[in-house]
Every structure is written in C-alpha cells, then in structure tokens.
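**Student:** Just start_6.cif, nothing more (mmCIF, C-alpha atoms):
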data_protein
#
loop_
_atom_site.group_PDB
_atom_site.id
_atom_site.type_symbol
_atom_site.label_atom_id
_atom_site.label_comp_id
_atom_site.auth_asym_id
_atom_site.auth_seq_id
_atom_site.Cartn_x
_atom_site.Cartn_y
_atom_site.Cartn_z
ATOM 1 C CA MET A 171 161.279 93.026 -38.051
ATOM 2 C CA THR A 172 163.226 92.102 -41.141
ATOM 3 C CA SER A 173 162.663 89.026 -43.248
ATOM 4 C CA VAL A 174 166.231 88.031 -42.378
ATOM 5 C CA SER A 175 166.710 86.459 -38.950
ATOM 6 C CA PHE A 176 168.673 88.321 -36.296
ATOM 7 C CA VAL A 177 171.260 85.535 -36.260
ATOM 8 C CA THR A 178 171.693 85.714 -40.035
ATOM 9 C CA ARG A 179 171.974 89.502 -39.957
ATOM 10 C CA THR A 180 174.532 89.329 -37.170
ATOM 11 C CA ARG A 181 176.626 86.838 -39.126
ATOM 12 C CA LEU A 182 176.520 89.030 -42.225
ATOM 13 C CA PHE A 183 177.522 92.062 -40.172
ATOM 14 C CA ALA A 184 180.451 90.075 -38.814
ATOM 15 C CA ALA A 185 181.490 89.227 -42.363
ATOM 16 C CA ALA A 186 181.395 92.904 -43.314
ATOM 17 C CA VAL A 187 183.430 93.813 -40.223
ATOM 18 C CA ALA A 188 186.019 91.222 -41.181
ATOM 19 C CA LEU A 189 186.381 92.778 -44.625
ATOM 20 C CA LEU A 190 186.547 96.298 -43.240
ATOM 21 C CA SER A 191 189.191 95.438 -40.668
ATOM 22 C CA LEU A 192 191.636 93.897 -43.166
ATOM 23 C CA PRO A 193 193.995 96.938 -43.142
ATOM 24 C CA ALA A 194 194.767 96.219 -39.484
ATOM 25 C CA LEU A 195 196.467 93.015 -40.607
ATOM 26 C CA THR A 196 198.932 94.867 -42.808
ATOM 27 C CA ALA A 197 199.189 98.377 -41.432
ATOM 28 C CA CYS A 198 200.546 99.837 -38.212
ATOM 29 C CA GLY A 199 197.222 101.313 -37.095
ATOM 30 C CA ALA A 200 193.551 101.477 -37.973
ATOM 31 C CA GLY A 201 192.555 103.670 -40.893
ATOM 32 C CA PRO A 202 190.270 106.658 -40.496
ATOM 33 C CA GLY A 203 187.249 104.519 -41.353
ATOM 34 C CA ASP A 204 187.885 101.926 -38.632
ATOM 35 C CA THR A 205 187.256 101.733 -34.908
ATOM 36 C CA ALA A 206 190.229 100.253 -33.129
ATOM 37 C CA ALA A 207 188.195 98.099 -30.781
ATOM 38 C CA ALA A 208 185.866 96.342 -33.202
ATOM 39 C CA GLY A 209 187.164 97.102 -36.667
ATOM 40 C CA ALA A 210 183.742 98.461 -37.623
ATOM 41 C CA ARG A 211 183.303 101.606 -39.683
ATOM 42 C CA ALA A 212 182.583 104.486 -37.331
ATOM 43 C CA ALA A 213 180.018 107.178 -38.055
ATOM 44 C CA PRO A 214 181.324 110.746 -38.487
ATOM 45 C CA ALA A 215 181.272 112.604 -35.185
ATOM 46 C CA ASP A 216 179.620 115.854 -36.314
ATOM 47 C CA ASP A 217 175.865 116.174 -35.792
ATOM 48 C CA PRO A 218 174.162 118.727 -38.065
ATOM 49 C CA VAL A 219 170.747 117.485 -36.883
ATOM 50 C CA ALA A 220 171.291 118.646 -33.297
ATOM 51 C CA ALA A 221 170.475 122.285 -34.030
ATOM 52 C CA VAL A 222 167.279 121.604 -36.007
ATOM 53 C CA ARG A 223 164.106 122.971 -34.421
ATOM 54 C CA LYS A 224 160.381 122.687 -35.100
ATOM 55 C CA VAL A 225 159.003 125.075 -37.730
ATOM 56 C CA ASP A 226 155.373 125.750 -36.883
ATOM 57 C CA SER A 227 154.319 126.736 -40.412
ATOM 58 C CA VAL A 228 155.649 123.431 -41.768
ATOM 59 C CA ALA A 229 154.292 121.337 -38.898
ATOM 60 C CA ALA A 230 150.847 122.826 -39.581
ATOM 61 C CA LEU A 231 150.797 120.903 -42.879
ATOM 62 C CA LEU A 232 150.575 117.596 -41.018
ATOM 63 C CA PRO A 233 147.141 116.007 -40.569
ATOM 64 C CA ALA A 234 145.640 116.950 -37.202
ATOM 65 C CA GLY A 235 145.695 113.347 -36.014
ATOM 66 C CA VAL A 236 149.435 113.044 -36.636
ATOM 67 C CA ARG A 237 150.131 116.348 -34.862
ATOM 68 C CA GLU A 238 148.128 115.157 -31.862
ATOM 69 C CA ALA A 239 149.789 111.730 -31.764
ATOM 70 C CA GLY A 240 153.211 113.296 -32.266
ATOM 71 C CA THR A 241 154.638 110.074 -33.726
ATOM 72 C CA LEU A 242 155.368 108.647 -37.179
ATOM 73 C CA ARG A 243 156.063 104.981 -37.896
ATOM 74 C CA VAL A 244 159.028 104.658 -40.226
ATOM 75 C CA GLY A 245 159.958 101.415 -41.951
ATOM 76 C CA SER A 246 163.708 101.721 -42.435
ATOM 77 C CA SER A 247 165.984 99.495 -44.504
ATOM 78 C CA ILE A 248 169.403 99.513 -42.841
ATOM 79 C CA GLY A 249 171.971 98.441 -45.398
ATOM 80 C CA SER A 250 175.360 100.059 -45.848
ATOM 81 C CA PRO A 251 177.016 103.486 -45.686
ATOM 82 C CA PRO A 252 176.550 106.221 -46.559
ATOM 83 C CA GLY A 253 172.768 105.684 -46.665
ATOM 84 C CA ALA A 254 171.975 103.755 -43.489
ATOM 85 C CA TYR A 255 174.042 101.200 -41.595
ATOM 86 C CA TYR A 256 175.025 99.931 -38.157
ATOM 87 C CA PRO A 257 178.405 101.425 -37.179
ATOM 88 C CA ASN A 258 178.491 99.481 -33.908
ATOM 89 C CA GLY A 259 176.557 96.312 -34.689
ATOM 90 C CA PRO A 260 172.903 95.477 -35.476
ATOM 91 C CA ASP A 261 171.838 95.743 -31.835
ATOM 92 C CA LYS A 262 172.952 99.408 -31.646
ATOM 93 C CA ALA A 263 171.623 102.630 -33.184
ATOM 94 C CA PRO A 264 171.856 103.045 -36.978
ATOM 95 C CA ALA A 265 173.640 105.941 -38.665
ATOM 96 C CA GLY A 266 173.873 107.402 -42.148
ATOM 97 C CA GLN A 267 172.554 110.008 -44.517
ATOM 98 C CA ASP A 268 168.995 108.604 -44.570
ATOM 99 C CA ILE A 269 168.929 108.395 -40.771
ATOM 100 C CA ASP A 270 170.044 112.024 -40.376
ATOM 101 C CA LEU A 271 167.632 113.350 -43.003
ATOM 102 C CA THR A 272 164.679 111.475 -41.506
ATOM 103 C CA ASP A 273 165.530 112.675 -38.008
ATOM 104 C CA ALA A 274 165.951 116.264 -39.238
ATOM 105 C CA VAL A 275 162.598 116.220 -41.051
ATOM 106 C CA ALA A 276 160.932 114.853 -37.911
ATOM 107 C CA LYS A 277 162.391 117.696 -35.827
ATOM 108 C CA VAL A 278 161.126 120.324 -38.293
ATOM 109 C CA LEU A 279 157.683 118.711 -38.103
ATOM 110 C CA GLY A 280 157.798 118.425 -34.320
ATOM 111 C CA VAL A 281 157.149 114.683 -34.245
ATOM 112 C CA ARG A 282 158.991 111.642 -32.930
ATOM 113 C CA ILE A 283 160.194 108.812 -35.135
ATOM 114 C CA ARG A 284 159.272 105.260 -34.257
ATOM 115 C CA ARG A 285 161.773 103.526 -36.503
ATOM 116 C CA GLN A 286 161.308 99.854 -37.356
ATOM 117 C CA ASP A 287 164.080 97.904 -39.044
ATOM 118 C CA ALA A 288 162.706 96.134 -42.126
ATOM 119 C CA SER A 289 164.033 94.364 -45.200
ATOM 120 C CA PHE A 290 164.183 96.582 -48.282
ATOM 121 C CA GLU A 291 161.774 94.473 -50.326
ATOM 122 C CA SER A 292 159.116 94.411 -47.581
ATOM 123 C CA ILE A 293 158.732 98.154 -46.971
ATOM 124 C CA LEU A 294 156.811 99.377 -50.027
ATOM 125 C CA PRO A 295 154.104 96.672 -49.771
ATOM 126 C CA ALA A 296 153.834 97.382 -46.024
ATOM 127 C CA LEU A 297 153.071 101.047 -46.707
ATOM 128 C CA GLY A 298 149.963 100.013 -48.600
ATOM 129 C CA SER A 299 148.817 97.808 -45.727
ATOM 130 C CA GLY A 300 149.224 100.658 -43.237
ATOM 131 C CA LYS A 301 152.042 99.074 -41.238
ATOM 132 C CA TYR A 302 154.271 102.136 -41.726
ATOM 133 C CA ASP A 303 153.548 105.817 -42.366
ATOM 134 C CA VAL A 304 156.842 106.389 -44.174
ATOM 135 C CA GLY A 305 159.474 104.197 -45.786
ATOM 136 C CA THR A 306 163.192 104.918 -46.139
ATOM 137 C CA GLY A 307 165.901 102.891 -47.836
ATOM 138 C CA ASN A 308 167.253 104.844 -50.815
ATOM 139 C CA PHE A 309 164.057 104.160 -52.766
ATOM 140 C CA GLY A 310 164.438 105.296 -56.365
ATOM 141 C CA VAL A 311 161.479 106.972 -58.063
ATOM 142 C CA THR A 312 160.421 104.826 -61.027
ATOM 143 C CA THR A 313 157.401 104.848 -63.309
ATOM 144 C CA GLU A 314 156.367 101.417 -62.027
ATOM 145 C CA ARG A 315 156.600 102.384 -58.345
ATOM 146 C CA LEU A 316 154.654 105.598 -58.914
ATOM 147 C CA LYS A 317 151.594 103.481 -59.725
ATOM 148 C CA THR A 318 151.253 102.456 -56.069
ATOM 149 C CA ILE A 319 153.635 104.693 -54.065
ATOM 150 C CA ASP A 320 153.964 108.439 -53.475
ATOM 151 C CA PHE A 321 157.449 109.912 -53.136
ATOM 152 C CA VAL A 322 158.952 113.066 -51.645
ATOM 153 C CA THR A 323 162.448 113.458 -53.078
ATOM 154 C CA TYR A 324 165.530 114.258 -51.020
ATOM 155 C CA ILE A 325 168.531 113.245 -53.131
ATOM 156 C CA ASP A 326 169.569 112.321 -56.675
ATOM 157 C CA ASP A 327 171.342 108.954 -56.622
ATOM 158 C CA GLY A 328 170.864 106.034 -58.995
ATOM 159 C CA GLN A 329 172.394 102.873 -60.427
ATOM 160 C CA GLY A 330 176.045 101.934 -60.825
ATOM 161 C CA PHE A 331 178.435 98.984 -60.982
ATOM 162 C CA ALA A 332 181.532 97.843 -59.093
ATOM 163 C CA VAL A 333 184.034 95.000 -59.536
ATOM 164 C CA ARG A 334 186.935 93.522 -57.603
ATOM 165 C CA LYS A 335 189.922 95.831 -57.746
ATOM 166 C CA GLY A 336 192.459 94.458 -60.220
ATOM 167 C CA ASP A 337 189.952 92.096 -61.833
ATOM 168 C CA PRO A 338 191.134 91.492 -65.416
ATOM 169 C CA GLY A 339 187.530 91.270 -66.645
ATOM 170 C CA LEU A 340 185.211 94.271 -66.733
ATOM 171 C CA LYS A 341 187.250 97.479 -66.461
ATOM 172 C CA THR A 342 185.297 100.266 -68.127
ATOM 173 C CA LYS A 343 182.148 102.209 -67.320
ATOM 174 C CA VAL A 344 179.005 100.227 -68.088
ATOM 175 C CA THR A 345 176.874 102.149 -70.591
ATOM 176 C CA ASP A 346 175.152 99.142 -72.161
ATOM 177 C CA LEU A 347 174.094 95.932 -70.438
ATOM 178 C CA THR A 348 175.557 93.877 -73.279
ATOM 179 C CA GLN A 349 178.908 94.616 -71.605
ATOM 180 C CA LEU A 350 177.727 92.244 -68.858
ATOM 181 C CA CYS A 351 176.947 89.295 -71.144
ATOM 182 C CA GLY A 352 178.387 86.062 -69.753
ATOM 183 C CA LEU A 353 179.005 87.588 -66.311
ATOM 184 C CA THR A 354 177.346 86.926 -62.944
ATOM 185 C CA ILE A 355 175.851 90.052 -61.378
ATOM 186 C CA GLY A 356 174.996 90.445 -57.698
ATOM 187 C CA THR A 357 172.297 92.878 -56.627
ATOM 188 C CA GLY A 358 169.693 93.582 -53.938
ATOM 189 C CA ALA A 359 166.273 91.967 -53.622
ATOM 190 C CA GLY A 360 163.310 94.127 -54.592
ATOM 191 C CA THR A 361 165.507 96.926 -55.969
ATOM 192 C CA THR A 362 165.435 98.950 -59.181
ATOM 193 C CA PHE A 363 168.669 97.131 -60.039
ATOM 194 C CA GLU A 364 166.964 93.745 -59.950
ATOM 195 C CA ALA A 365 164.069 95.143 -62.017
ATOM 196 C CA THR A 366 166.413 96.666 -64.619
ATOM 197 C CA LEU A 367 168.421 93.469 -65.013
ATOM 198 C CA ALA A 368 165.246 91.383 -65.320
ATOM 199 C CA ALA A 369 163.684 93.728 -67.881
ATOM 200 C CA GLN A 370 166.836 93.732 -70.045
ATOM 201 C CA ARG A 371 167.660 90.043 -69.722
ATOM 202 C CA GLY A 372 167.123 89.453 -73.441
ATOM 203 C CA VAL A 373 169.721 91.956 -74.674
ATOM 204 C CA CYS A 374 172.527 89.395 -74.758
ATOM 205 C CA ALA A 375 170.536 86.888 -76.826
ATOM 206 C CA LYS A 376 169.704 89.646 -79.300
ATOM 207 C CA ALA A 377 173.420 90.385 -79.541
ATOM 208 C CA GLY A 378 174.161 86.689 -80.065
ATOM 209 C CA ARG A 379 176.036 86.419 -76.787
ATOM 210 C CA LYS A 380 175.788 84.343 -73.625
ATOM 211 C CA PRO A 381 173.235 85.846 -71.188
ATOM 212 C CA TYR A 382 174.265 87.339 -67.885
ATOM 213 C CA ASP A 383 173.265 85.604 -64.665
ATOM 214 C CA VAL A 384 171.767 87.492 -61.699
ATOM 215 C CA LYS A 385 172.162 86.547 -58.047
ATOM 216 C CA VAL A 386 169.949 88.419 -55.570
ATOM 217 C CA TYR A 387 170.965 89.159 -51.981
ATOM 218 C CA SER A 388 169.035 90.598 -49.043
ATOM 219 C CA GLU A 389 172.149 92.134 -47.453
ATOM 220 C CA ASN A 390 174.937 94.295 -48.883
ATOM 221 C CA ALA A 391 177.511 92.385 -46.823
ATOM 222 C CA ALA A 392 176.513 89.155 -48.551
ATOM 223 C CA SER A 393 176.968 90.590 -52.049
ATOM 224 C CA LEU A 394 180.329 92.099 -51.094
ATOM 225 C CA THR A 395 181.506 88.772 -49.691
ATOM 226 C CA ALA A 396 180.334 87.004 -52.867
ATOM 227 C CA LEU A 397 182.295 89.467 -54.988
ATOM 228 C CA GLN A 398 185.488 89.010 -52.992
ATOM 229 C CA GLN A 399 185.143 85.224 -53.131
ATOM 230 C CA GLY A 400 184.651 85.257 -56.889
ATOM 231 C CA ARG A 401 181.096 83.898 -56.806
ATOM 232 C CA ILE A 402 179.898 86.988 -58.701
ATOM 233 C CA ASP A 403 181.787 89.167 -61.175
ATOM 234 C CA VAL A 404 180.132 92.532 -60.617
ATOM 235 C CA ILE A 405 177.786 94.302 -58.168
ATOM 236 C CA MET A 406 174.955 96.565 -59.284
ATOM 237 C CA SER A 407 173.864 98.941 -56.536
ATOM 238 C CA THR A 408 173.536 102.624 -55.616
ATOM 239 C CA ILE A 409 175.986 105.141 -57.047
ATOM 240 C CA ASN A 410 176.736 106.681 -53.653
ATOM 241 C CA GLY A 411 176.971 103.325 -51.885
ATOM 242 C CA LEU A 412 179.397 101.831 -54.416
ATOM 243 C CA ARG A 413 181.495 104.996 -54.547
ATOM 244 C CA HIS A 414 181.743 105.030 -50.740
ATOM 245 C CA GLN A 415 182.566 101.314 -50.645
ATOM 246 C CA ALA A 416 185.323 101.671 -53.241
ATOM 247 C CA ALA A 417 186.914 104.428 -51.140
ATOM 248 C CA GLN A 418 187.447 101.926 -48.298
ATOM 249 C CA PRO A 419 190.741 100.065 -48.995
ATOM 250 C CA ALA A 420 189.543 96.919 -47.236
ATOM 251 C CA SER A 421 186.627 96.473 -49.635
ATOM 252 C CA ARG A 422 189.047 95.968 -52.552
ATOM 253 C CA THR A 423 186.424 97.138 -55.046
ATOM 254 C CA ALA A 424 186.590 99.501 -58.021
ATOM 255 C CA PHE A 425 183.633 101.741 -58.906
ATOM 256 C CA LEU A 426 182.760 101.627 -62.619
ATOM 257 C CA GLY A 427 180.756 104.836 -62.680
ATOM 258 C CA GLU A 428 177.130 105.828 -63.078
ATOM 259 C CA TYR A 429 174.736 103.842 -65.246
ATOM 260 C CA HIS A 430 171.359 105.520 -64.635
ATOM 261 C CA ARG A 431 170.426 108.405 -62.338
ATOM 262 C CA LEU A 432 167.266 108.271 -60.237
ATOM 263 C CA ASP A 433 165.548 110.649 -57.855
ATOM 264 C CA VAL A 434 165.398 109.092 -54.391
ATOM 265 C CA GLY A 435 162.688 109.868 -51.893
ATOM 266 C CA PHE A 436 160.730 109.151 -48.763
ATOM 267 C CA ALA A 437 158.052 106.606 -49.690
ATOM 268 C CA PHE A 438 154.353 106.757 -48.736
ATOM 269 C CA ARG A 439 151.189 104.849 -49.568
ATOM 270 C CA LYS A 440 149.385 106.301 -52.572
ATOM 271 C CA GLY A 441 147.342 109.336 -51.585
ATOM 272 C CA SER A 442 149.093 109.813 -48.247
ATOM 273 C CA PRO A 443 148.270 113.158 -46.564
ATOM 274 C CA LEU A 444 151.881 113.374 -45.310
ATOM 275 C CA THR A 445 153.620 114.247 -48.577
ATOM 276 C CA LYS A 446 153.142 118.042 -48.530
ATOM 277 C CA ALA A 447 154.453 118.303 -44.975
ATOM 278 C CA PHE A 448 157.507 116.184 -45.782
ATOM 279 C CA GLN A 449 158.215 118.169 -48.955
ATOM 280 C CA ALA A 450 158.025 121.437 -47.013
ATOM 281 C CA ALA A 451 160.292 120.019 -44.294
ATOM 282 C CA VAL A 452 162.956 118.910 -46.794
ATOM 283 C CA ASN A 453 162.820 122.313 -48.490
ATOM 284 C CA GLN A 454 163.162 123.999 -45.083
ATOM 285 C CA LEU A 455 166.321 121.958 -44.439
ATOM 286 C CA ILE A 456 167.668 122.947 -47.859
ATOM 287 C CA LYS A 457 166.888 126.606 -47.164
ATOM 288 C CA ASP A 458 168.520 126.751 -43.718
ATOM 289 C CA GLY A 459 171.663 124.846 -44.761
ATOM 290 C CA THR A 460 171.088 121.709 -42.664
ATOM 291 C CA TYR A 461 170.585 119.611 -45.794
ATOM 292 C CA ALA A 462 173.964 120.640 -47.244
ATOM 293 C CA ARG A 463 175.699 119.923 -43.926
ATOM 294 C CA ILE A 464 174.183 116.426 -43.740
ATOM 295 C CA LEU A 465 175.269 115.568 -47.284
ATOM 296 C CA ASP A 466 178.732 116.987 -46.635
ATOM 297 C CA LYS A 467 178.996 114.828 -43.517
ATOM 298 C CA TRP A 468 178.313 111.673 -45.543
ATOM 299 C CA GLY A 469 180.245 112.633 -48.678
ATOM 300 C CA THR A 470 177.189 112.784 -50.935
ATOM 301 C CA SER A 471 177.123 116.489 -51.810
ATOM 302 C CA ALA A 472 177.358 115.689 -55.545
ATOM 303 C CA SER A 473 173.867 114.171 -55.277
ATOM 304 C CA ALA A 474 172.208 117.246 -53.749
ATOM 305 C CA ILE A 475 168.892 118.477 -55.112
ATOM 306 C CA GLU A 476 167.835 122.119 -55.332
ATOM 307 C CA THR A 477 164.262 121.527 -54.232
ATOM 308 C CA SER A 478 162.173 118.586 -53.070
ATOM 309 C CA ARG A 479 159.410 117.355 -55.356
ATOM 310 C CA ILE A 480 156.386 115.108 -54.975
ATOM 311 C CA ASN A 481 156.192 112.258 -57.528
ATOM 312 C CA PRO A 482 158.534 113.576 -60.230
ATOM 313 C CA PRO A 483 158.669 111.476 -63.416
ATOM 314 C CA GLU A 484 161.438 108.897 -63.658
ATOM 315 C CA HIS A 485 164.703 110.111 -65.190
ATOM 316 C CA ARG A 486 165.082 109.075 -68.816
#
For the structure just supplied, provide its representation as structure tokens.
**Tutor:**
Amino acid sequence: MTSVSFVTRTRLFAAAVALLSLPALTACGAGPGDTAAAGARAAPADDPVAAVRKVDSVAALLPAGVREAGTLRVGSSIGSPPGAYYPNGPDKAPAGQDIDLTDAVAKVLGVRIRRQDASFESILPALGSGKYDVGTGNFGVTTERLKTIDFVTYIDDGQGFAVRKGDPGLKTKVTDLTQLCGLTIGTGAGTTFEATLAAQRGVCAKAGRKPYDVKVYSENAASLTALQQGRIDVIMSTINGLRHQAAQPASRTAFLGEYHRLDVGFAFRKGSPLTKAFQAAVNQLIKDGTYARILDKWGTSASAIETSRINPPEHR
C-alpha cells in the first residue's frame, strides 16, 4: 500500500482528469489523448509484450528458489505517463513504459509479477527490509543510491524543468540552478530532484540572490495542480515525463529541456542474486526488438540504451 490514502489518491487522480479533459470544454471532440467517457488519458492500444516468450537460457540465471516459486514481488510507484500511470482510475490496471518493460522481463524469465502499488519514497528502503524483490518507479542511478541499492539499467532519462505555458517568468533552458533563485519549485518526495535541490540550496546565497523555495509532493497530479494555480513557479521532474506532459494541450505546460541525464534501472537490495538475470532479460528484449517497440509505443525512443548494465557510475 502507498503512504497516501486511497481517498487522497482518488481525489488527486480526479484533479488530473479534470486538467486532462479541459479540451472538451473548448473543442468539438476529445483529443487523441482523451477517452470520451471519462476524460482520462487512454493507454496506446498496441501490445508489444504479448509476443514475448520465456527464454530458458536467461531464466536459468534466476536463483533456484525463485524459479521454483515462479513469482517476484515488485514494489511499483505509479505516477504519470509515460512511465507508469492509471489510464482508467486507481482501482484499475496500471499502464506505461515501466509496466510493459517489467512485464516483458518477467515473461522472458518465466515468472509471474506480484505487483504492489507503493509510494516512490518508500520503495528503496523496503527493498532492504525484504518486502519487495524488485522496485520500479523511474529510479535514477546515483552515487548515493549505489551505496545501498543495486540497479539494472533499462533507459536513459534524467532531470528537467517545466513551467506554465505563457508564464512571463522563466523561459529558457535551465543550465544553472541560480536561474531558479527567488522561485518556488515543486518536485517529488524522495527523488533525485529533491536531493539535487537540497544539495545546491546555497548557490543563490553565494550569488547574492534570494534563495529558491522547494515544495515536495507525493503525487504528480498535485504538483501539476499547484503549477496551474500559481502556487509554484516551476516543476522539476523526469525528462520523459515533463516532455510527455507538455505535449498534452490540457496540461498547459512548457518543457524547458534537459538539466541532467541519469541512467534509470530496476532497483534491488544490495547484493541481490536477481541482477544478472534481469540484465540478461533486458538485453534479450533489446536484441529481439521488443524493447524498441515498447519505447516507440510510449514515445521514449530517444532515451533508449544499447545494452543494460549493472550499477553503472552516475552520469557526470
């Protein structure tokens, strides 16, 4: 279970749906990203995971106990597209790039996924306690996280910024955090974004300028609502997530470009015996073309990797 109550999550989803269904108020019909009945963003119809089959040589890399049990417990942070989201409400099945990749890896390994919805900030600590075997949620590989977590990479995403479309304030790509001095920044709890902003909080004082303020949210819908209501000036989040959001007219946001690239991977407790099997499974999906089809489905092909790695150093 998440640290956010079901009622709270449902209300936040409703807020996101309201934002996404705004074009219906001004246009003749729903846009390609809407469902006519609910106004929610529908998942693409194609299913590149359907044809994936078990690969015995890859499955053999799993520990014997996992092969016998045939099940992996996955702590999954369901946030926003294209990574992982609820196209039909929080009581229905999730969709997204991370969902498809996890399901495809599981099929290659010949195991079933027992997915548990969890808040982003709770997953990595829960891996260490043994609650989950694997964690997903667009977890960036950082030097700090590598001290306690093992990663198997599957995409190259990273950090970026977005503002309200037409906002007269910040308009250019953020290359230095001093550009944010005096602004209020919204970001996710327990993320690399929160860590980066905290670590660099003194840059404005050094520049003789007013410091930036940071507001942390547990849900993407809450930060988007705060941006539209003017309670924050800018959002710091994933490159792919912000780019996808800006492409939806109802979000009324403008993507300010990439700030810092990061490898993103499946997360495991330190020393997990699952990493080699997951790496081999991701590389199998890259080899047979399934990986490219999944990224194409979700519009993230520009973030493709050539090969999966275990615990690569953080991008500098």
**Student:** So how many Å separate CA of Ala239 in chain A and CA of Ser227 in chain A, to one decimal?
**Tutor:**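 Distance between the two atoms: 17.9 Å.
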**Student:** Specify as a PDB file with C-alpha atoms, in the coordinates of the input each residue included when the PyMOL selection byres ((chain A and resi 423-433) around 7) is applied to this file.
**Tutor:**
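The file below, out34.pdb, is the result:
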ATOM      1  CA  GLY A 310     164.438 105.296 -56.365  1.00  0.00           C
ATOM      2  CA  VAL A 311     161.479 106.972 -58.063  1.00  0.00           C
ATOM      3  CA  THR A 323     162.448 113.458 -53.078  1.00  0.00           C
ATOM      4  CA  ILE A 325     168.531 113.245 -53.131  1.00  0.00           C
ATOM      5  CA  ASP A 326     169.569 112.321 -56.675  1.00  0.00           C
ATOM      6  CA  ASP A 327     171.342 108.954 -56.622  1.00  0.00           C
ATOM      7  CA  GLY A 328     170.864 106.034 -58.995  1.00  0.00           C
ATOM      8  CA  GLN A 329     172.394 102.873 -60.427  1.00  0.00           C
ATOM      9  CA  GLY A 330     176.045 101.934 -60.825  1.00  0.00           C
ATOM     10  CA  PHE A 331     178.435  98.984 -60.982  1.00  0.00           C
ATOM     11  CA  ALA A 332     181.532  97.843 -59.093  1.00  0.00           C
ATOM     12  CA  VAL A 333     184.034  95.000 -59.536  1.00  0.00           C
ATOM     13  CA  ARG A 334     186.935  93.522 -57.603  1.00  0.00           C
ATOM     14  CA  LYS A 335     189.922  95.831 -57.746  1.00  0.00           C
ATOM     15  CA  THR A 342     185.297 100.266 -68.127  1.00  0.00           C
ATOM     16  CA  LYS A 343     182.148 102.209 -67.320  1.00  0.00           C
ATOM     17  CA  VAL A 344     179.005 100.227 -68.088  1.00  0.00           C
ATOM     18  CA  THR A 345     176.874 102.149 -70.591  1.00  0.00           C
ATOM     19  CA  ILE A 409     175.986 105.141 -57.047  1.00  0.00           C
ATOM     20  CA  LEU A 412     179.397 101.831 -54.416  1.00  0.00           C
ATOM     21  CA  ARG A 413     181.495 104.996 -54.547  1.00  0.00           C
ATOM     22  CA  ALA A 416     185.323 101.671 -53.241  1.00  0.00           C
ATOM     23  CA  SER A 421     186.627  96.473 -49.635  1.00  0.00           C
ATOM     24  CA  ARG A 422     189.047  95.968 -52.552  1.00  0.00           C
ATOM     25  CA  VAL A 434     165.398 109.092 -54.391  1.00  0.00           C
ATOM     26  CA  GLY A 435     162.688 109.868 -51.893  1.00  0.00           C
ATOM     27  CA  GLU A 484     161.438 108.897 -63.658  1.00  0.00           C
ATOM     28  CA  HIS A 485     164.703 110.111 -65.190  1.00  0.00           C
TER      29      HIS A 485
END
**Student:** I'd like to know which of A:Ala215, A:Val228, A:Ala276, A:Leu340 is closest to Leu242 in chain A, using all atoms listed in the file.
**Tutor:**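 Answer, going by the shortest atom-to-atom distance: A:Ala276.
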**Student:** Any idea what the distance is between CA of Ala368 in chain A and CA of Thr470 in chain A?
**Tutor:**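 These atoms are spaced 28.4 Å apart.
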**Student:** For the file shown, what are the residues hit by the PyMOL selection byres ((chain A and resi 480) around 12), laid out as a PyMOL selection string?
**Tutor:** chain A and resi 311+316+319-324+433-438+440-450+452-453+477-479+481-484
**Student:** Residues of the last selection are to be written out with C-alpha atoms, as a PDB file, in the coordinates of the input.
**Tutor:**
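After the write, out.pdb holds the following:
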ATOM      1  CA  VAL A 311     161.479 106.972 -58.063  1.00  0.00           C
ATOM      2  CA  LEU A 316     154.654 105.598 -58.914  1.00  0.00           C
ATOM      3  CA  ILE A 319     153.635 104.693 -54.065  1.00  0.00           C
ATOM      4  CA  ASP A 320     153.964 108.439 -53.475  1.00  0.00           C
ATOM      5  CA  PHE A 321     157.449 109.912 -53.136  1.00  0.00           C
ATOM      6  CA  VAL A 322     158.952 113.066 -51.645  1.00  0.00           C
ATOM      7  CA  THR A 323     162.448 113.458 -53.078  1.00  0.00           C
ATOM      8  CA  TYR A 324     165.530 114.258 -51.020  1.00  0.00           C
ATOM      9  CA  ASP A 433     165.548 110.649 -57.855  1.00  0.00           C
ATOM     10  CA  VAL A 434     165.398 109.092 -54.391  1.00  0.00           C
ATOM     11  CA  GLY A 435     162.688 109.868 -51.893  1.00  0.00           C
ATOM     12  CA  PHE A 436     160.730 109.151 -48.763  1.00  0.00           C
ATOM     13  CA  ALA A 437     158.052 106.606 -49.690  1.00  0.00           C
ATOM     14  CA  PHE A 438     154.353 106.757 -48.736  1.00  0.00           C
ATOM     15  CA  LYS A 440     149.385 106.301 -52.572  1.00  0.00           C
ATOM     16  CA  GLY A 441     147.342 109.336 -51.585  1.00  0.00           C
ATOM     17  CA  SER A 442     149.093 109.813 -48.247  1.00  0.00           C
ATOM     18  CA  PRO A 443     148.270 113.158 -46.564  1.00  0.00           C
ATOM     19  CA  LEU A 444     151.881 113.374 -45.310  1.00  0.00           C
ATOM     20  CA  THR A 445     153.620 114.247 -48.577  1.00  0.00           C
ATOM     21  CA  LYS A 446     153.142 118.042 -48.530  1.00  0.00           C
ATOM     22  CA  ALA A 447     154.453 118.303 -44.975  1.00  0.00           C
ATOM     23  CA  PHE A 448     157.507 116.184 -45.782  1.00  0.00           C
ATOM     24  CA  GLN A 449     158.215 118.169 -48.955  1.00  0.00           C
ATOM     25  CA  ALA A 450     158.025 121.437 -47.013  1.00  0.00           C
ATOM     26  CA  VAL A 452     162.956 118.910 -46.794  1.00  0.00           C
ATOM     27  CA  ASN A 453     162.820 122.313 -48.490  1.00  0.00           C
ATOM     28  CA  THR A 477     164.262 121.527 -54.232  1.00  0.00           C
ATOM     29  CA  SER A 478     162.173 118.586 -53.070  1.00  0.00           C
ATOM     30  CA  ARG A 479     159.410 117.355 -55.356  1.00  0.00           C
ATOM     31  CA  ASN A 481     156.192 112.258 -57.528  1.00  0.00           C
ATOM     32  CA  PRO A 482     158.534 113.576 -60.230  1.00  0.00           C
ATOM     33  CA  PRO A 483     158.669 111.476 -63.416  1.00  0.00           C
ATOM     34  CA  GLU A 484     161.438 108.897 -63.658  1.00  0.00           C
TER      35      GLU A 484
END
**Student:** Closest to Gly298 in chain A among A:Arg439, A:Lys380, A:Arg371, A:Arg463, using all atoms listed in the file?
**Tutor:** A:Arg439
**Student:** With only C-alpha atoms as the basis for distance, which of A:Leu231, A:Ala213, A:Leu350, A:Ala221 is at the shortest distance from Gly259 in chain A?
**Tutor:**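 Of A:Leu231, A:Ala213, A:Leu350, A:Ala221, the one nearest Gly259 in chain A, counting only C-alpha atoms, is A:Ala213.
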**Student:** Check what the PyMOL selection byres ((chain A and resi 458) around 12) selects in the file above and give those residues as an MDAnalysis selection string.
**Tutor:** chainID A and resid 218:219 221:223 225 274 278 451:457 459:464
**Student:** Using all atoms listed in the file, which of the listed residues (A:Pro214, A:Leu397, A:Leu347, A:Thr318) sits closest to Ala296 in chain A?
**Tutor:**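 Ranked by minimum distance to Ala296 in chain A, first place goes to A:Thr318.
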**Student:** Could you put an axis-aligned box around every listed atom of range 376-392 of chain A, padded by 5 Å on each side, and send me its centre and edge lengths in Å to one decimal, as lines of an AutoDock Vina configuration file?
**Tutor:**
center_x = 173.3
center_y = 89.3
center_z = -63.4
size_x = 18.5
size_y = 20.0
size_z = 43.2
**Student:** For Ile269 in chain A, which residue out of A:Pro338, A:Gly249, A:Pro381, A:Gly372 is the nearest one, using all atoms listed in the file?
**Tutor:**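 Going through A:Pro338, A:Gly249, A:Pro381, A:Gly372 one by one, the smallest distance to Ile269 in chain A is for A:Gly249.
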